[in-house]
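Reproduced below: target.cif, with mmCIF, C-alpha atoms.
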```cif
data_target
loop_
_atom_site.label_atom_id
_atom_site.label_comp_id
_atom_site.auth_asym_id
_atom_site.auth_seq_id
_atom_site.Cartn_x
_atom_site.Cartn_y
_atom_site.Cartn_z
CA MET Y 1 15.93 20.37 -15.92
CA SER Y 2 18.82 18.21 -16.92
CA LYS Y 3 18.60 14.65 -18.09
CA LYS Y 4 20.09 11.73 -16.21
CA ILE Y 5 21.74 8.71 -17.77
CA ILE Y 6 20.15 5.57 -16.42
CA SER Y 7 20.95 1.94 -17.07
CA MET Y 8 18.77 -1.07 -16.40
CA ASN Y 9 18.12 -4.53 -17.66
CA VAL Y 10 14.95 -4.82 -19.72
CA ASN Y 11 13.85 -8.34 -20.72
CA GLY Y 12 17.41 -9.57 -20.23
CA LYS Y 13 19.00 -6.81 -22.30
CA LYS Y 14 21.13 -4.07 -20.79
CA VAL Y 15 19.91 -0.63 -21.83
CA GLU Y 16 21.32 2.82 -21.19
CA GLU Y 17 19.42 6.02 -21.95
CA ALA Y 18 19.28 9.67 -21.03
CA VAL Y 19 15.91 10.49 -19.46
CA GLU Y 20 14.25 13.42 -17.77
CA SER Y 21 13.64 12.81 -14.07
CA ARG Y 22 9.92 13.15 -14.61
CA THR Y 23 9.75 10.40 -17.24
CA LEU Y 24 7.46 7.67 -15.98
CA LEU Y 25 8.67 4.11 -16.40
CA VAL Y 26 5.72 3.29 -18.67
CA HIS Y 27 6.61 6.20 -21.00
CA PHE Y 28 10.26 5.15 -20.99
CA LEU Y 29 9.36 1.58 -21.94
CA ARG Y 30 6.86 2.55 -24.63
CA GLU Y 31 8.58 5.55 -26.18
CA LYS Y 32 12.30 4.92 -25.65
CA MET Y 33 12.40 1.11 -25.70
CA ASN Y 34 9.54 0.71 -28.23
CA LEU Y 35 8.02 -1.86 -25.89
CA THR Y 36 4.36 -0.95 -26.23
CA GLY Y 37 3.04 -3.99 -24.35
CA ALA Y 38 2.64 -2.16 -21.05
CA HIS Y 39 -0.51 -0.10 -21.62
CA ILE Y 40 -1.44 3.28 -20.24
CA GLY Y 41 -4.93 2.90 -18.81
CA CYS Y 42 -6.03 4.96 -15.82
CA GLU Y 43 -2.62 6.57 -15.12
CA THR Y 44 -3.49 6.64 -11.43
CA SER Y 45 -2.37 3.13 -10.35
CA HIS Y 46 -5.86 1.64 -10.22
CA CYS Y 47 -6.26 -0.40 -13.41
CA GLY Y 48 -3.04 -2.42 -13.65
CA ALA Y 49 -2.76 -2.32 -17.47
CA CYS Y 50 0.78 -0.94 -17.10
CA THR Y 51 1.96 -3.72 -14.76
CA VAL Y 52 5.57 -4.83 -15.25
CA ASP Y 53 8.00 -6.80 -13.15
CA ILE Y 54 10.75 -4.88 -11.35
CA ASP Y 55 13.36 -6.91 -9.45
CA GLY Y 56 10.95 -9.78 -8.93
CA GLU Y 57 7.91 -7.73 -7.92
CA SER Y 58 4.82 -6.62 -9.82
CA VAL Y 59 4.70 -2.84 -10.12
CA LYS Y 60 2.42 -0.39 -11.89
CA SER Y 61 4.80 1.37 -14.26
CA CYS Y 62 2.59 4.48 -14.54
CA THR Y 63 3.36 5.30 -10.92
CA CYS Y 64 7.13 4.93 -10.89
CA PHE Y 65 9.79 7.15 -12.43
CA ALA Y 66 12.27 5.59 -14.84
CA VAL Y 67 15.16 7.11 -12.82
CA GLN Y 68 14.02 5.02 -9.85
CA CYS Y 69 14.80 1.85 -11.81
CA GLU Y 70 18.54 2.51 -12.10
CA GLY Y 71 20.24 -0.89 -11.94
CA SER Y 72 16.96 -2.83 -11.89
CA GLU Y 73 15.81 -5.93 -13.76
CA VAL Y 74 12.61 -5.11 -15.61
CA ILE Y 75 10.40 -7.67 -17.35
CA THR Y 76 7.57 -6.59 -19.65
CA VAL Y 77 5.02 -8.75 -21.45
CA GLU Y 78 7.42 -8.83 -24.42
CA GLY Y 79 9.87 -10.74 -22.24
CA LEU Y 80 7.54 -13.61 -21.34
CA ALA Y 81 7.64 -15.75 -24.51
CA GLN Y 82 10.98 -17.52 -25.00
CA GLY Y 83 12.32 -18.78 -28.34
CA GLY Y 84 9.02 -18.12 -30.10
CA VAL Y 85 7.10 -20.28 -27.62
CA LEU Y 86 4.35 -18.65 -25.61
CA HIS Y 87 4.78 -18.58 -21.84
CA ALA Y 88 2.27 -20.75 -19.94
CA VAL Y 89 0.30 -17.67 -18.84
CA GLN Y 90 -0.01 -16.52 -22.44
CA GLU Y 91 -1.06 -20.00 -23.54
CA GLY Y 92 -3.61 -20.05 -20.72
CA PHE Y 93 -5.21 -16.73 -21.74
CA TYR Y 94 -5.33 -18.00 -25.35
CA LYS Y 95 -6.79 -21.43 -24.55
CA GLU Y 96 -9.29 -20.24 -21.92
CA HIS Y 97 -10.37 -17.10 -23.80
CA GLY Y 98 -9.08 -14.89 -20.98
CA LEU Y 99 -9.47 -11.71 -23.02
CA GLN Y 100 -11.87 -9.91 -25.29
CA CYS Y 101 -10.63 -6.45 -26.29
CA GLY Y 102 -7.14 -7.26 -24.98
CA PHE Y 103 -6.32 -3.87 -23.50
CA CYS Y 104 -5.80 -5.18 -19.96
CA THR Y 105 -4.07 -8.38 -21.10
CA PRO Y 106 -0.38 -7.34 -20.96
CA GLY Y 107 -0.86 -6.25 -17.35
CA MET Y 108 -2.83 -9.41 -16.57
CA LEU Y 109 -0.08 -11.57 -18.07
CA THR Y 110 2.84 -9.93 -16.28
CA ARG Y 111 0.91 -10.00 -13.00
CA ALA Y 112 -0.08 -13.67 -13.48
CA TYR Y 113 3.56 -14.48 -14.30
CA ARG Y 114 4.81 -13.08 -10.98
CA PHE Y 115 1.82 -14.32 -8.98
CA LEU Y 116 2.36 -17.94 -10.11
CA HIS Y 117 6.06 -17.63 -9.47
CA ASP Y 118 5.28 -16.64 -5.85
CA ASN Y 119 2.36 -19.06 -5.45
CA PRO Y 120 2.62 -22.01 -7.88
CA ASN Y 121 -0.42 -23.85 -6.53
CA PRO Y 122 -3.08 -21.22 -5.78
CA THR Y 123 -6.72 -21.68 -4.83
CA GLU Y 124 -9.34 -19.83 -6.87
CA GLU Y 125 -9.72 -17.35 -3.99
CA GLU Y 126 -5.96 -16.71 -3.95
CA ILE Y 127 -6.01 -16.10 -7.71
CA ARG Y 128 -8.81 -13.55 -7.32
CA VAL Y 129 -6.92 -11.75 -4.55
CA GLY Y 130 -3.58 -12.02 -6.38
CA MET Y 131 -5.05 -10.55 -9.57
CA SER Y 132 -7.14 -7.91 -7.78
CA GLY Y 133 -4.87 -5.06 -8.88
CA ASN Y 134 -5.82 -5.59 -12.53
CA LEU Y 135 -9.14 -4.45 -13.93
CA CYS Y 136 -10.87 -5.97 -16.96
CA ARG Y 137 -14.02 -4.37 -18.35
CA CYS Y 138 -14.87 -7.17 -20.82
CA THR Y 139 -14.57 -10.68 -19.47
CA GLY Y 140 -16.22 -10.61 -16.07
CA TYR Y 141 -13.00 -12.26 -14.83
CA GLN Y 142 -14.26 -15.87 -14.96
CA ASN Y 143 -12.07 -16.78 -17.92
CA ILE Y 144 -9.13 -14.86 -16.51
CA VAL Y 145 -9.29 -17.02 -13.40
CA LYS Y 146 -9.51 -20.13 -15.60
CA ALA Y 147 -6.54 -18.90 -17.66
CA VAL Y 148 -4.42 -18.49 -14.55
CA GLN Y 149 -5.50 -21.96 -13.34
CA TYR Y 150 -4.52 -23.38 -16.75
CA ALA Y 151 -1.13 -21.70 -16.52
CA ALA Y 152 -0.60 -22.93 -12.96
CA ASN Y 153 -1.25 -26.53 -14.06
CA LYS Y 154 0.99 -26.17 -17.10
CA LEU Y 155 3.85 -24.66 -15.10
CA ARG Y 156 3.61 -27.47 -12.52
CA GLU Y 157 3.64 -30.10 -15.27
CA ASP Y 158 6.56 -28.42 -16.99
CA ALA Y 159 8.42 -28.48 -13.68
CA LYS Y 160 7.83 -32.25 -13.47
CA ASN Y 161 9.06 -32.77 -17.07
CA PRO Y 162 11.95 -30.35 -17.40
CA VAL Y 163 12.81 -31.60 -20.92
CA ALA Y 164 9.72 -29.96 -22.36
CA ALA Y 165 10.33 -26.67 -20.56
CA MET N 166 -0.36 12.68 -17.78
CA ILE N 167 3.18 13.90 -17.33
CA PRO N 168 4.32 15.30 -13.99
CA PRO N 169 6.06 18.72 -13.84
CA SER N 170 9.86 18.83 -14.09
CA PHE N 171 11.94 18.39 -10.97
CA ASP N 172 15.45 17.51 -9.88
CA TYR N 173 15.74 13.96 -8.62
CA HIS N 174 17.83 13.13 -5.56
CA CYS N 175 18.52 9.63 -4.38
CA PRO N 176 20.28 9.73 -0.97
CA LYS N 177 21.72 6.52 0.47
CA THR N 178 21.42 7.47 4.15
CA VAL N 179 18.90 9.27 6.36
CA SER N 180 21.39 12.02 7.24
CA GLU N 181 22.04 12.64 3.54
CA ALA N 182 18.28 12.89 3.00
CA ILE N 183 17.92 15.38 5.86
CA GLU N 184 20.79 17.48 4.47
CA LEU N 185 18.96 17.68 1.14
CA LEU N 186 15.69 18.49 2.88
CA THR N 187 17.36 21.26 4.91
CA LYS N 188 18.97 22.66 1.76
CA PHE N 189 15.81 22.78 -0.37
CA GLY N 190 13.19 23.49 2.32
CA ASP N 191 9.70 23.91 0.92
CA GLU N 192 11.03 23.40 -2.62
CA ALA N 193 11.44 19.70 -1.84
CA LYS N 194 9.15 16.76 -1.37
CA ILE N 195 9.94 13.34 0.03
CA LEU N 196 9.20 10.42 -2.29
CA ALA N 197 8.28 7.15 -0.57
CA GLY N 198 6.09 4.66 -2.46
CA GLY N 199 4.79 7.46 -4.66
CA HIS N 200 1.24 6.19 -4.95
CA SER N 201 -0.21 9.37 -3.46
CA LEU N 202 2.48 11.83 -4.58
CA LEU N 203 2.79 10.82 -8.26
CA PRO N 204 -0.94 11.11 -8.98
CA MET N 205 -0.89 14.53 -7.24
CA MET N 206 2.09 15.60 -9.34
CA LYS N 207 0.37 14.46 -12.53
CA LEU N 208 -2.61 16.64 -11.64
CA ARG N 209 -0.25 19.50 -10.70
CA PHE N 210 -1.61 19.52 -7.15
CA ALA N 211 2.02 19.04 -6.15
CA GLU N 212 4.88 20.66 -8.09
CA PRO N 213 8.05 20.10 -6.06
CA ALA N 214 11.23 21.46 -7.64
CA ASN N 215 13.18 18.71 -5.91
CA LEU N 216 12.20 15.15 -5.19
CA ILE N 217 14.10 13.27 -2.50
CA ASP N 218 13.62 9.55 -3.03
CA LEU N 219 13.95 7.45 0.14
CA ASN N 220 13.72 4.12 -1.68
CA LYS N 221 17.47 3.45 -1.70
CA ILE N 222 18.01 3.96 2.04
CA PRO N 223 18.30 0.47 3.56
CA GLU N 224 18.18 1.72 7.19
CA LEU N 225 14.57 2.85 6.65
CA ARG N 226 13.33 -0.65 5.81
CA GLY N 227 12.57 -3.67 7.92
CA ILE N 228 10.74 -4.82 11.01
CA LYS N 229 12.53 -5.81 14.20
CA GLU N 230 11.97 -6.31 17.90
CA GLU N 231 14.35 -4.39 20.16
CA GLY N 232 14.09 -3.97 23.91
CA GLY N 233 10.52 -5.24 23.95
CA VAL N 234 9.41 -2.80 21.23
CA ILE N 235 8.48 -3.60 17.63
CA LYS N 236 10.21 -1.11 15.33
CA ILE N 237 8.97 -0.75 11.77
CA GLY N 238 11.11 1.22 9.34
CA ALA N 239 9.09 3.95 7.65
CA MET N 240 9.94 2.63 4.15
CA THR N 241 8.69 -0.87 4.94
CA THR N 242 6.16 -1.72 2.22
CA GLU N 243 2.58 -2.81 2.84
CA ASN N 244 3.41 -6.25 1.47
CA GLN N 245 6.33 -6.55 3.91
CA VAL N 246 3.88 -5.69 6.70
CA LEU N 247 1.35 -8.17 5.33
CA PHE N 248 3.82 -11.08 5.21
CA SER N 249 5.88 -10.29 8.32
CA GLU N 250 6.15 -13.34 10.60
CA LEU N 251 7.14 -11.09 13.49
CA LEU N 252 4.05 -8.88 13.10
CA LEU N 253 1.76 -11.89 12.64
CA LYS N 254 2.98 -13.14 15.99
CA LYS N 255 3.32 -9.87 17.92
CA VAL N 256 1.04 -7.22 16.34
CA PRO N 257 -1.35 -9.18 14.10
CA LEU N 258 -3.65 -6.17 13.60
CA LEU N 259 -1.11 -4.70 11.17
CA PRO N 260 -0.94 -7.62 8.69
CA GLU N 261 -4.70 -8.07 8.95
CA ALA N 262 -5.29 -4.42 8.05
CA ALA N 263 -2.62 -4.37 5.30
CA LYS N 264 -4.70 -6.93 3.38
CA LEU N 265 -7.36 -4.26 3.02
CA ILE N 266 -5.01 -1.57 1.74
CA ALA N 267 -4.75 -1.01 -2.03
CA ASP N 268 -3.91 -4.04 -4.21
CA PRO N 269 -0.94 -6.43 -4.61
CA GLN N 270 1.06 -4.23 -7.00
CA VAL N 271 0.48 -1.05 -5.00
CA ARG N 272 1.38 -2.86 -1.76
CA ASN N 273 4.80 -3.60 -3.30
CA ARG N 274 5.52 0.13 -3.47
CA GLY N 275 3.30 1.79 -0.88
CA THR N 276 4.95 2.18 2.52
CA ILE N 277 3.64 2.40 6.07
CA GLY N 278 5.59 5.63 6.62
CA GLY N 279 4.28 7.26 3.46
CA ASP N 280 0.74 6.29 4.38
CA ILE N 281 1.16 8.02 7.76
CA ALA N 282 3.27 11.06 6.83
CA HIS N 283 0.98 12.05 3.95
CA GLY N 284 -1.61 13.07 6.56
CA ASP N 285 -4.57 11.91 4.51
CA PRO N 286 -7.49 10.89 6.76
CA ALA N 287 -8.50 8.37 4.08
CA ASN N 288 -5.29 6.40 4.61
CA ASP N 289 -5.60 3.41 6.92
CA HIS N 290 -2.44 3.45 9.04
CA PRO N 291 -3.17 6.67 10.96
CA ALA N 292 -6.26 5.23 12.70
CA ILE N 293 -4.58 1.85 13.15
CA ALA N 294 -1.52 3.52 14.70
CA MET N 295 -3.81 5.44 17.08
CA ALA N 296 -5.51 2.21 18.17
CA LEU N 297 -2.07 0.63 18.70
CA ASP N 298 -0.81 3.61 20.77
CA ALA N 299 2.03 3.77 18.27
CA ILE N 300 4.90 6.21 18.54
CA PHE N 301 6.39 7.89 15.48
CA VAL N 302 10.11 8.58 15.39
CA LEU N 303 10.91 11.78 13.49
CA GLN N 304 14.44 12.77 12.53
CA GLY N 305 15.71 16.23 11.61
CA PRO N 306 19.03 18.09 11.60
CA LYS N 307 19.00 18.26 15.40
CA GLY N 308 18.39 14.56 15.89
CA GLN N 309 15.40 12.41 16.67
CA ARG N 310 12.20 13.09 18.57
CA LYS N 311 9.17 10.93 19.28
CA VAL N 312 5.54 11.87 18.78
CA LYS N 313 2.51 9.80 19.78
CA ALA N 314 0.20 8.81 16.93
CA VAL N 315 -2.72 10.64 18.60
CA ASP N 316 -0.71 13.89 18.62
CA PHE N 317 0.71 13.62 15.09
CA PHE N 318 -2.21 14.55 12.85
CA HIS N 319 -3.12 18.25 12.87
CA GLY N 320 -5.46 18.39 9.89
CA THR N 321 -5.89 17.02 6.39
CA TYR N 322 -2.35 16.80 4.94
CA MET N 323 -1.04 18.57 8.06
CA THR N 324 1.11 16.71 10.57
CA ALA N 325 3.61 17.31 13.36
CA LEU N 326 6.49 16.85 10.88
CA ALA N 327 8.64 19.98 10.55
CA GLU N 328 9.81 20.96 7.07
CA ASP N 329 13.26 19.47 7.68
CA GLU N 330 12.09 16.26 9.35
CA ILE N 331 11.54 12.73 8.07
CA LEU N 332 9.41 10.04 9.67
CA VAL N 333 11.98 7.27 10.13
CA SER N 334 10.17 4.57 12.09
CA ILE N 335 7.01 3.50 13.84
CA GLU N 336 7.20 1.89 17.28
CA VAL N 337 4.49 -0.36 18.70
CA SER N 338 4.28 -2.60 21.74
CA PRO N 339 3.79 -6.32 21.17
CA PHE N 340 0.31 -7.54 22.07
CA ALA N 341 -0.16 -9.13 25.48
CA PRO N 342 -1.61 -12.66 25.26
CA LYS N 343 -5.34 -12.71 24.42
CA THR N 344 -5.39 -9.20 23.02
CA GLY N 345 -8.42 -8.76 20.78
CA TYR N 346 -8.03 -6.84 17.53
CA ALA N 347 -9.84 -6.11 14.28
CA TYR N 348 -9.99 -3.63 11.43
CA HIS N 349 -13.31 -3.47 9.61
CA LYS N 350 -13.26 -1.32 6.51
CA LEU N 351 -16.24 -0.60 4.32
CA LYS N 352 -15.08 -0.03 0.75
CA ARG N 353 -16.70 -0.23 -2.64
CA LYS N 354 -13.98 -2.26 -4.31
CA THR N 355 -10.38 -3.45 -4.04
CA GLY N 356 -8.02 -0.51 -3.82
CA ASP N 357 -10.66 1.93 -2.67
CA TRP N 358 -10.35 4.19 0.33
CA ALA N 359 -12.65 3.52 3.24
CA THR N 360 -16.20 4.82 3.25
CA ALA N 361 -15.57 4.35 6.96
CA ALA N 362 -13.33 2.01 8.93
CA ALA N 363 -12.62 1.21 12.57
CA ALA N 364 -9.52 -0.27 14.19
CA VAL N 365 -10.01 -1.89 17.59
CA VAL N 366 -7.48 -3.23 20.10
CA MET N 367 -8.83 -4.59 23.39
CA GLN N 368 -8.34 -6.75 26.42
CA MET N 369 -10.88 -8.39 28.70
CA SER N 370 -10.75 -10.02 32.08
CA GLY N 371 -13.55 -11.93 33.79
CA GLY N 372 -15.92 -11.06 30.95
CA LYS N 373 -15.30 -7.33 31.33
CA VAL N 374 -13.34 -4.92 29.17
CA THR N 375 -10.07 -3.86 30.79
CA HIS N 376 -8.59 -1.94 27.85
CA ILE N 377 -9.96 -0.73 24.55
CA ALA N 378 -8.62 1.59 21.86
CA ILE N 379 -10.72 2.61 18.86
CA GLY N 380 -9.27 4.40 15.80
CA LEU N 381 -11.49 5.70 12.98
CA THR N 382 -10.53 6.13 9.31
CA ASN N 383 -11.88 8.72 6.85
CA VAL N 384 -14.72 10.17 8.89
CA ALA N 385 -13.14 13.53 9.84
CA PRO N 386 -10.35 15.87 8.67
CA THR N 387 -7.90 13.51 10.45
CA ALA N 388 -8.02 9.97 11.74
CA LEU N 389 -9.78 9.93 15.12
CA ARG N 390 -9.33 8.17 18.43
CA ALA N 391 -12.79 7.55 19.94
CA SER N 392 -11.80 8.12 23.59
CA ALA N 393 -15.31 8.82 24.91
CA ALA N 394 -16.59 5.60 23.38
CA GLU N 395 -13.66 3.72 24.94
CA GLU N 396 -14.52 5.13 28.39
CA LEU N 397 -18.06 3.82 28.06
CA MET N 398 -16.68 0.30 27.75
CA VAL N 399 -13.94 -0.01 30.36
CA GLY N 400 -15.04 -2.18 33.28
CA LYS N 401 -18.20 -3.32 31.51
CA GLU N 402 -19.52 -6.49 29.93
CA ILE N 403 -20.14 -6.16 26.22
CA THR N 404 -23.89 -6.24 25.60
CA PRO N 405 -25.96 -5.18 22.58
CA ALA N 406 -27.16 -2.16 24.57
CA LEU N 407 -23.59 -1.11 25.33
CA LEU N 408 -22.62 -1.52 21.68
CA ASP N 409 -25.51 0.79 20.75
CA GLN N 410 -24.16 3.42 23.14
CA VAL N 411 -20.64 3.01 21.81
CA ALA N 412 -21.81 3.35 18.20
CA GLU N 413 -23.72 6.48 19.13
CA SER N 414 -20.67 7.95 20.85
CA VAL N 415 -18.55 7.17 17.76
CA ARG N 416 -21.10 8.79 15.47
CA SER N 417 -21.12 11.95 17.60
CA ILE N 418 -17.43 12.70 16.85
CA CYS N 419 -17.61 12.07 13.07
CA ASP N 420 -17.37 14.95 10.63
CA PRO N 421 -16.83 13.29 7.25
CA ALA N 422 -16.55 15.03 3.88
CA GLU N 423 -19.25 14.09 1.43
CA ASP N 424 -18.01 12.41 -1.75
CA LEU N 425 -18.94 9.60 -4.15
CA ARG N 426 -18.66 7.11 -1.28
CA GLY N 427 -21.64 8.70 0.42
CA ASP N 428 -23.02 11.71 2.20
CA ALA N 429 -22.01 12.71 5.71
CA GLU N 430 -24.97 10.97 7.33
CA TYR N 431 -24.24 7.64 5.66
CA LYS N 432 -20.52 7.72 6.43
CA THR N 433 -21.25 8.64 10.04
CA ALA N 434 -23.67 5.73 10.37
CA MET N 435 -21.09 3.40 8.82
CA ALA N 436 -18.40 4.53 11.28
CA GLY N 437 -20.70 3.36 14.09
CA GLU N 438 -21.37 0.08 12.31
CA MET N 439 -17.69 -0.63 11.53
CA THR N 440 -16.87 0.02 15.20
CA ARG N 441 -19.58 -2.41 16.30
CA ARG N 442 -18.27 -5.08 13.90
CA SER N 443 -14.63 -4.56 14.88
CA ILE N 444 -15.46 -4.83 18.60
CA THR N 445 -17.46 -8.01 18.00
CA ALA N 446 -14.64 -9.53 15.93
CA ALA N 447 -12.01 -8.44 18.47
CA MET N 448 -13.91 -10.16 21.31
CA ALA N 449 -13.32 -13.51 19.62
CA HIS N 450 -9.56 -13.17 20.27
CA CYS N 451 -9.94 -12.21 23.94
#
```
Mind converting the file's structure to structure tokens?
Amino acid sequence: MSKKIISMNVNGKKVEEAVESRTLLVHFLREKMNLTGAHIGCETSHCGACTVDIDGESVKSCTCFAVQCEGSEVITVEGLAQGGVLHAVQEGFYKEHGLQCGFCTPGMLTRAYRFLHDNPNPTEEEIRVGMSGNLCRCTGYQNIVKAVQYAANKLREDAKNPVAA
Amino acid sequence: MIPPSFDYHCPKTVSEAIELLTKFGDEAKILAGGHSLLPMMKLRFAEPANLIDLNKIPELRGIKEEGGVIKIGAMTTENQVLFSELLLKKVPLLPEAAKLIADPQVRNRGTIGGDIAHGDPANDHPAIAMALDAIFVLQGPKGQRKVKAVDFFHGTYMTALAEDEILVSIEVSPFAPKTGYAYHKLKRKTGDWATAAAAVVMQMSGGKVTHIAIGLTNVAPTALRASAAEELMVGKEITPALLDQVAESVRSICDPAEDLRGDAEYKTAMAGEMTRRSITAAMAHC
């Protein structure tokens, strides 16, 4: 089967590649773009380790073909930190010990990034529901919730003091 | 896991999609949200030579009210259902149930039409559509036809859709004031299919039931409408004794497949219990 040329924006950079139709987005990102942040966990859209942002929505990149992202804006965990400074969600996971083995973390971070964008002032319950598409087998989730709360506070403070942001 | 090779088609209109479907026949599969189809392709349970992606067809998305009918485009995502102001006001059962379907990421891709057209009795919308007396609009080369939700499901993965037809929209009537509704779903964890679930839509007058519709998820080869149980209730006051009879009637039509969620006996018992809970919750709105 022939390859298709696709172009999309990945972490703010325009990319153009020939891919097979059957190439999953997560394989495209990891193998063609060398962006190995999105992890392949369950491969059946349950675990969320492959979560990326497509056109402003969280999506599991193991269950989407790269050809479907023609013309899209894709953000992976590699696109969160800016100018060598960790994004608030990354700082939150670091400060609150929101990870142990770290396998689920890229998916957690990209999901938390979009979740806090959509809901900047969430309750604990809303965080648990908002993050429910991401599984972690180490932490028991308590510190992940705290990490997201930390990030929510930091993002709100940054919004009040735009100089620091 | 890498799916088998296929040719990818990305039509921009429904008629273009139907042309492709007519051309490729059983060599083609429709791609909606992909959260059932892609896992099946990875396992080689599905190996379509051609994949027709409906995601770039704007006319298949959106929720509107037209001539007193709520029309939901088949490619409307679960999250669009969940956050629809119009549905919250007019058919609140749908957003309430969408909360219980999959997880936030999957709800961004998964569509109401895909959930229905797949014909999987474990999916939630078939039973909900039955309880809503929904009508499915199917489009093929000869035009559109309408099929009632209760007549659409012929067996597991088998529906009234012809090979060259696409489900294009779902039509439901807005709720009359004081319509009771609920969807109780027993599941082991977020994102799981139902062990058993029951959708209820009902109306009462003077303390008695005037209308009730009960749809059941994942307790038979297709979603079920519990008509005999409904008949037991019309014209009656809801009492614990009546609820026992209704639960028994529901259990008598169940024929679930045993799996890790439980054996047939347990799932059957849970179908009765979910019905009881949904009716009790629905009463609070009446």
Neighbours of chain Y in chain N at 6 Å, counting only C-alpha atoms, as an MDAnalysis selection string: chainID N and resid 170 173 204 268:270
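If all atoms listed in the file are the atoms counted, then among N:Gln304, N:Thr344, N:Ser334, N:Thr324 the closest residue to Thr241 of chain N is N:Ser334.
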Can you pull out the residues contacting Lys307 of chain N? Cut-off 12 Å, using all atoms listed in the file, and skip same-chain residues under 4 positions away; I want them as a CSV table (one decimal) with C-alpha atoms, in the frame of the given file.
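Written output follows (result-v6.csv):
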```csv
chain,number,residue,atom,x,y,z
N,180,SER,CA,21.4,12.0,7.2
N,183,ILE,CA,17.9,15.4,5.9
N,184,GLU,CA,20.8,17.5,4.5
N,187,THR,CA,17.4,21.3,4.9
N,303,LEU,CA,10.9,11.8,13.5
N,327,ALA,CA,8.6,20.0,10.6
N,329,ASP,CA,13.3,19.5,7.7
N,330,GLU,CA,12.1,16.3,9.4
N,331,ILE,CA,11.5,12.7,8.1
```
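Between atom CA of Val411 of chain N and atom CA of Leu381 of chain N the interatomic distance comes to 13.0 Å.
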Gly232 of chain N environment, 12 Å, all atoms listed in the file, sequence neighbours closer than 6 positions dropped, as a ChimeraX atom specification: /N:336-339
Go ahead and write the residues just picked, C-alpha atoms, as a PDB file, in the coordinates of the input.
```pdb
ATOM      1  CA  GLU N 336       7.200   1.890  17.280  1.00  0.00           C
ATOM      2  CA  VAL N 337       4.490  -0.360  18.700  1.00  0.00           C
ATOM      3  CA  SER N 338       4.280  -2.600  21.740  1.00  0.00           C
ATOM      4  CA  PRO N 339       3.790  -6.320  21.170  1.00  0.00           C
TER       5      PRO N 339
END
```
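Here atom CA of Ala364 of chain N stands at a distance of 4.4 Å from atom CA of Tyr348 of chain N.
Comparing Y:Val74, Y:Val89, Y:Leu116, Y:Val26 by their smallest distance to Asp55 of chain Y, the closest is Y:Val74 (using only C-alpha atoms).
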Output check: residues returned by the PyMOL selection byres ((chain N and resi 243-248) around 8), as JSON, numbers by chain: {"N": [227, 241, 242, 249, 250, 252, 253, 259, 260, 261, 263, 264, 266, 269, 272, 273, 274, 275, 276, 277]}
